[in-house]
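The structure appears right after this line, and notes come after that.
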Amino acid sequence: MTRYSRDHPAGEPITDIKEDYGHVKRMNRLYNVLSKINGFIIRVNNINELLESICPIIVDDGGFKFAWIGILDKETKEIRLAALWGEGEAYIRDLKFSIQPDLPGGTSPTGTAIRENRIVSSDDIEHDARMLNWRRRALTFGFKAYAAIPISMDNEVIGAVTLYADTPFTFGKEEIRLLEEIAGDISFAMGNTAKLLKAKYTLIFDPLTGLLTREHILQELQRLIESSSQSGERLTFIVMDIDRFKSVNESIGYAKGDLLLKEIAKKLASVIKTPNMLGRISADEFAVIGCDIKDDESIYRTIENINTAFSKPLATGSEEVLITFSMGISLYPDDGSTGEELIKLAEASLSQAKKLGTNSLVTYSPAINKRLSEIIKMKNKLIKALENHEFIVYYEPKINIQTNTLSGVEALLRWQDPEEGLVRPTRFVPILEETGMILKVGQWVLKEASKQVQQWSKKGYNFKLAVNISAAQLEQDDFASMIIMEIKDTGLNPSNLELEITESLLMKNVERNIEKILQVKDYGIAVSIDDFGTGYSSLAYLKRLPINTLKIDISFIKTLPDDKETAKIIETIISLAGVFNLKTIAEGIDSQEQINFLKKAGCDEVQGYYFTKPLPAKKFEEFMANFHRDFSDPAGSKS
Ligand code: C2E
Ligand code: MG
Ligand code: MG
């Protein structure tokens with residue numbers, strides 16, 4: 001789902017949305033660990049070095065709080081600490097572990113994991129009855145979940161890696177599968193000599209570039225397809241061929257050609273990040289498995305990022321070479337249902353692309369081809385839209401349902417495309433964001449709407465202006481002062497301005513954002529969390545985030561008031577907001593019944609098509625003139 005779509009399944013409970021998101025995050029953390037460990041084991045020279053490096057990877061790359069490795073002493077049946085990393089040294093140093101149930105620590109997770117050769121985990125130590133003996137101590141150290149993973153050498157369990165998380169962590173079926181894979185890799189490394197390790201390395205990694213080999217990419221693609229067929233997730237497979245590599249190679253010489261390939265691999269790897277996978281599948285052909293590249297927009301973004309990374313020539317000694325790629329793309333399950341099929345189709349698309357000339361791209365599905373070329377066309381038109389005055393601000397009223405007054409407006413961007421007519425932001429804002437144009441356009445919206453609202457205030461209409469903020473804007477170091485600068489000349493009082501920032505954007509870099517919002521608040525500007533309920537905010541952050549309003553996402557409102565479960569979620573959100581002293585506003589209202597429910601639940605404000613669709617300034621003024629008559633009594637004319 002893109003950040004701008006409004007297509008959440010109606011009435012989906014808040015816990016499910018968060019759980020899905022949490023699952024992806026957890027899998028990413030474990031994938032990080034797996035790929036780091038995989039990358040590492042081929043470089044280690046001895047077992048000590050291997051043991052020493054595992055825990056830092058789990059903690060630093062997997063985001064766990066603490067990890068330790070215990071090795072079994074076969075004689076005494078005790079488990080000896082062999083390596084550790086993270087915060088928790090005192091926890092482990094003071095405890096004894098064993099695999100003998102009647103010895104201290106014999107029934108501990110680590111003891112059990114080694115004795116029974118299985119992963120022992122707890123998703124939530126605080127509420128796990130098995131943790132009775134260790135709970136208090138574990139919680140004192142900030143441990144909320146753990147997993148103890150047995151490791152073996154030559155088919156015999158020799159110890160365990162135990163990791164701890166500082167928040168509850170669901171070790172579901174897929175998470176456990178990844179842990180098993182991690183354990184398998186560590187065990188493999190333990191049991192094999194350096195020579196064997198090298199052999200494994202060349203099977204998985206291309207010796208020249210360090211990228212995955214064709215064989216491994218094929219294997220991974222098949223494996224991912226199998227797990228996607230259960231989860232229903234989409235995958236993208238991209239093959240890319242360096243344009244004219246043969247003649248480059250001949251002109252600079254093969255040794256330099258190798259260096260060039262290494263450089264190219266490095267650049268590609270900086271664009272293609274986990275969980276996506278990158279391989280070299282023939283001399284000058286690379287392949288990407290996009291686990292995280294699922295729709296037209298992210299395909300487009302990936303291609304753009306690759307093109308940007310190669311926009312400058314690469315240096316190979318004295319020469320400089322400008323690299324372009326031709327690409328072929330196929331999608332699972334849209335185009336094919338097996339790895340082989342996907343590769344065949346992507347390669348067929350690639351040869352089509354080659355026929356079109358250098359730097360071409362062909363996707364197997366004509367539908368995606370069409371949409372991608374539409375995006376490219378739109379981008380070219382958008383570049384001129386600002387100077388051609390094609391952007392317009394529409395206004396959507398916010399109504400205080402406790403006092404029946406017009407309390408604010410949300411500025412919503414529209415684009416008057418000379419060819420297509422009025423275009424909604426869901427279609428073009430992502431492109432503005434990608435190209436960085438959103439900075440300029442965002443400033444324009446802020447200025448334009450501020451001027452307008454200030455004009456209205458002179459006519460006696462007083463209310464707050466809400467403006468949506470994009471990632472690129474928030475990421476600016478001087479975010480707060482930029483906002484102030486834009487509204488300075490408009491006369492709008494900062495205390496009449498509210499910034500809407502989506503929950504997922506806020507949570508992406510929450511510590512940094514807290515600072516920025518504090519600066520914004522210093523100027524008297526308010527901040528609300530837009531699309532609340534679709535992201536992943538924890539209570540701890542809600543408490544610390546200096547925001548004013550929670551804006552309940554439209555997906556929760558749609559099924560109101562009949563869907564009892566959603567109704568309960570909304571009541572919970574509103575009472576939660578009360579605890580944190582936050583206002584609530586519900587978006588997407590289209591019936592009086594919804595207003596009645598929300599009013600009773602204590603919601604402060606609403607907005608939605610029930611009152612009016614967003615309107616251009618002139619029309620909005622007419623709406624305001626009639627507002628009192630139409631909506632002053634919610635039980636009146638509309639019901
Ligand atoms: P948003 O901020 O969550 O805005 C609410 C969206 O829901 C608006 O769509 C609004 O027209 C629509 N909406 C309101 N009431 C109803 C209703 O009763 N039913 C339905 N079906 N929809 C309703 P719009 O104007 O297309 O904007 C979509 C998104 O585009 C916004 O979501 C916002 O994230 C983004 N956006 C809009 N203007 C700007 C802008 O100036 N800058 C940035 N960065 N993003 C913007
Ligand atoms: Mg908004
Ligand atoms: Mg919203």
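Identifiers in the structure tokens: chain A, B, ... in order shown; residue index from 1 per chain; ligand index from 1 in order shown.
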
Please report as JSON lines every residue of chain A lying within 8 Å of ligand 2, along with the nearest atom pair and their distance in Å (one decimal), using only C-alpha atoms and all ligand atoms.
{"residue": "A:Glu410", "atom": "CA", "partner": "ligand 2", "partner_atom_place_in_ligand_line": "1 (Mg)", "distance": 6.8}
{"residue": "A:Leu412", "atom": "CA", "partner": "ligand 2", "partner_atom_place_in_ligand_line": "1 (Mg)", "distance": 7.7}
{"residue": "A:Ala466", "atom": "CA", "partner": "ligand 2", "partner_atom_place_in_ligand_line": "1 (Mg)", "distance": 7.6}
{"residue": "A:Val467", "atom": "CA", "partner": "ligand 2", "partner_atom_place_in_ligand_line": "1 (Mg)", "distance": 7.0}
{"residue": "A:Asn468", "atom": "CA", "partner": "ligand 2", "partner_atom_place_in_ligand_line": "1 (Mg)", "distance": 5.2}
{"residue": "A:Glu500", "atom": "CA", "partner": "ligand 2", "partner_atom_place_in_ligand_line": "1 (Mg)", "distance": 5.4}
{"residue": "A:Ile501", "atom": "CA", "partner": "ligand 2", "partner_atom_place_in_ligand_line": "1 (Mg)", "distance": 7.3}
{"residue": "A:Thr502", "atom": "CA", "partner": "ligand 2", "partner_atom_place_in_ligand_line": "1 (Mg)", "distance": 7.6}
{"residue": "A:Asp530", "atom": "CA", "partner": "ligand 2", "partner_atom_place_in_ligand_line": "1 (Mg)", "distance": 5.5}
{"residue": "A:Asp531", "atom": "CA", "partner": "ligand 2", "partner_atom_place_in_ligand_line": "1 (Mg)", "distance": 7.4}

Could you save those same residues with N, CA, C and O atoms as a compact mmCIF listing (two decimals), in the first residue's frame?
# COMPACT_ATOMS: atom_id res chain seq x y z
N GLU A 410 -8.38 22.21 5.82
CA GLU A 410 -7.18 21.51 5.39
C GLU A 410 -6.91 21.91 3.95
O GLU A 410 -7.80 21.87 3.10
N LEU A 412 -5.56 21.17 0.45
CA LEU A 412 -5.28 19.95 -0.32
C LEU A 412 -4.87 20.34 -1.73
O LEU A 412 -5.57 21.08 -2.42
N ALA A 466 -4.69 23.90 8.15
CA ALA A 466 -3.87 22.70 8.25
C ALA A 466 -3.22 22.41 6.91
O ALA A 466 -3.88 22.48 5.87
N VAL A 467 -1.92 22.13 6.92
CA VAL A 467 -1.19 21.85 5.68
C VAL A 467 -0.48 20.51 5.83
O VAL A 467 0.06 20.20 6.89
N ASN A 468 -0.52 19.70 4.77
CA ASN A 468 0.14 18.39 4.79
C ASN A 468 1.64 18.53 4.52
O ASN A 468 2.05 19.32 3.67
N GLU A 500 0.10 18.73 9.25
CA GLU A 500 -0.34 17.34 9.30
C GLU A 500 0.80 16.46 8.82
O GLU A 500 1.26 16.58 7.69
N ILE A 501 1.23 15.57 9.70
CA ILE A 501 2.33 14.67 9.35
C ILE A 501 1.83 13.24 9.55
O ILE A 501 1.28 12.93 10.61
N THR A 502 2.00 12.40 8.55
CA THR A 502 1.43 11.04 8.68
C THR A 502 2.16 10.25 9.76
O THR A 502 3.35 10.48 10.01
N ASP A 530 -1.43 12.57 11.05
CA ASP A 530 -2.40 12.25 9.99
C ASP A 530 -2.46 10.72 9.82
O ASP A 530 -1.50 10.02 10.11
N ASP A 531 -3.60 10.26 9.33
CA ASP A 531 -3.80 8.83 9.04
C ASP A 531 -3.47 7.97 10.24
O ASP A 531 -2.87 6.89 10.11

Protein and nucleic acid residues within 12 Å of ligand 3 (only C-alpha atoms and all ligand atoms) as a ChimeraX atom specification: /A:3-6,396,410-412,426,466-469,499-504,528-535,550-557,585-589,606-608

For A:Gln352: contacts at 9 Å, only C-alpha atoms, fewer than 5 positions along chain excluded, given as an mmCIF file with N, CA and C atoms, in the first residue's frame:
data_model
loop_
_atom_site.group_PDB
_atom_site.id
_atom_site.type_symbol
_atom_site.label_atom_id
_atom_site.label_comp_id
_atom_site.auth_asym_id
_atom_site.auth_seq_id
_atom_site.Cartn_x
_atom_site.Cartn_y
_atom_site.Cartn_z
ATOM 1 N N GLY A 328 15.026 -5.638 -18.107
ATOM 2 C CA GLY A 328 13.790 -6.393 -18.336
ATOM 3 C C GLY A 328 13.203 -6.765 -16.987
ATOM 4 N N GLU A 347 14.201 -12.030 -19.024
ATOM 5 C CA GLU A 347 15.263 -12.003 -20.031
ATOM 6 C C GLU A 347 14.705 -11.730 -21.427
ATOM 7 N N SER A 360 17.112 1.385 -22.113
ATOM 8 C CA SER A 360 15.669 1.150 -22.250
ATOM 9 C C SER A 360 15.207 0.163 -21.193
ATOM 10 N N LEU A 361 13.919 0.178 -21.002
ATOM 11 C CA LEU A 361 13.332 -0.678 -19.983
ATOM 12 C C LEU A 361 12.070 -1.297 -20.548
ATOM 13 N N VAL A 362 11.945 -2.616 -20.418
ATOM 14 C CA VAL A 362 10.708 -3.261 -20.855
ATOM 15 C C VAL A 362 10.233 -4.178 -19.740
#

Filtered DSSP result for stretch 300-449 of chain A, state helix (DSSP H, G or I), as a PyMOL selection string: chain A and resi 300-309+339-356+366-385+425-435+438-449

Strand (DSSP E) per DSSP on the backbone: members of stretch 396-573 of chain A, as a count of residues only: 43

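The space between atom CA of A:Leu432 and atom CA of A:Gln452 spans 23.3 Å.
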
Option closest in space to A:Leu615, from A:Pro101, A:Gly191, A:Pro494, A:Pro397 [counting only C-alpha atoms]: A:Pro397

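Within 10 Å of stretch 506-510 of chain A there are Ala471, Leu474, Glu475, Ile501, Thr502, Ile514, Glu515, Lys516, Ile517, Ile529, Asp530, Gly535, Tyr536, Ser537, Ser538, Tyr541, Arg544 and Leu545 of chain A, counting only C-alpha atoms and ignoring same-chain residues fewer than 4 positions away.
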
Nearest candidate to A:Ser35 (options A:Asp185, A:Glu233, A:Asp477, A:Glu174; using only C-alpha atoms): A:Asp185

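Restricting the calculation to only C-alpha atoms, the smallest distance between A:Trp68 and any of A:Phe479, A:Trp456, A:Tyr91, A:Phe597 is found for A:Tyr91.
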
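Using only C-alpha atoms for every distance, the candidate list A:Ala189, A:Ala385, A:Ala145, A:Ile484 yields A:Ala145 as the residue closest to A:Lys65.
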
Computed interatomic separation between atom CA of A:Asn305 and atom CA of A:Phe237 (Å): 16.3 Å

Among listed residues A:Val441, A:Ala540, A:Ile343, A:Met327, nearest ligand 1 (using only C-alpha atoms and all ligand atoms):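 Checking each candidate against ligand 1, we get A:Val441 as the closest.
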
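Residue nearest ligand 1, chosen from A:Glu571, A:Glu448, A:Asp522, A:Glu390 and counting only C-alpha atoms and all ligand atoms: A:Glu448.
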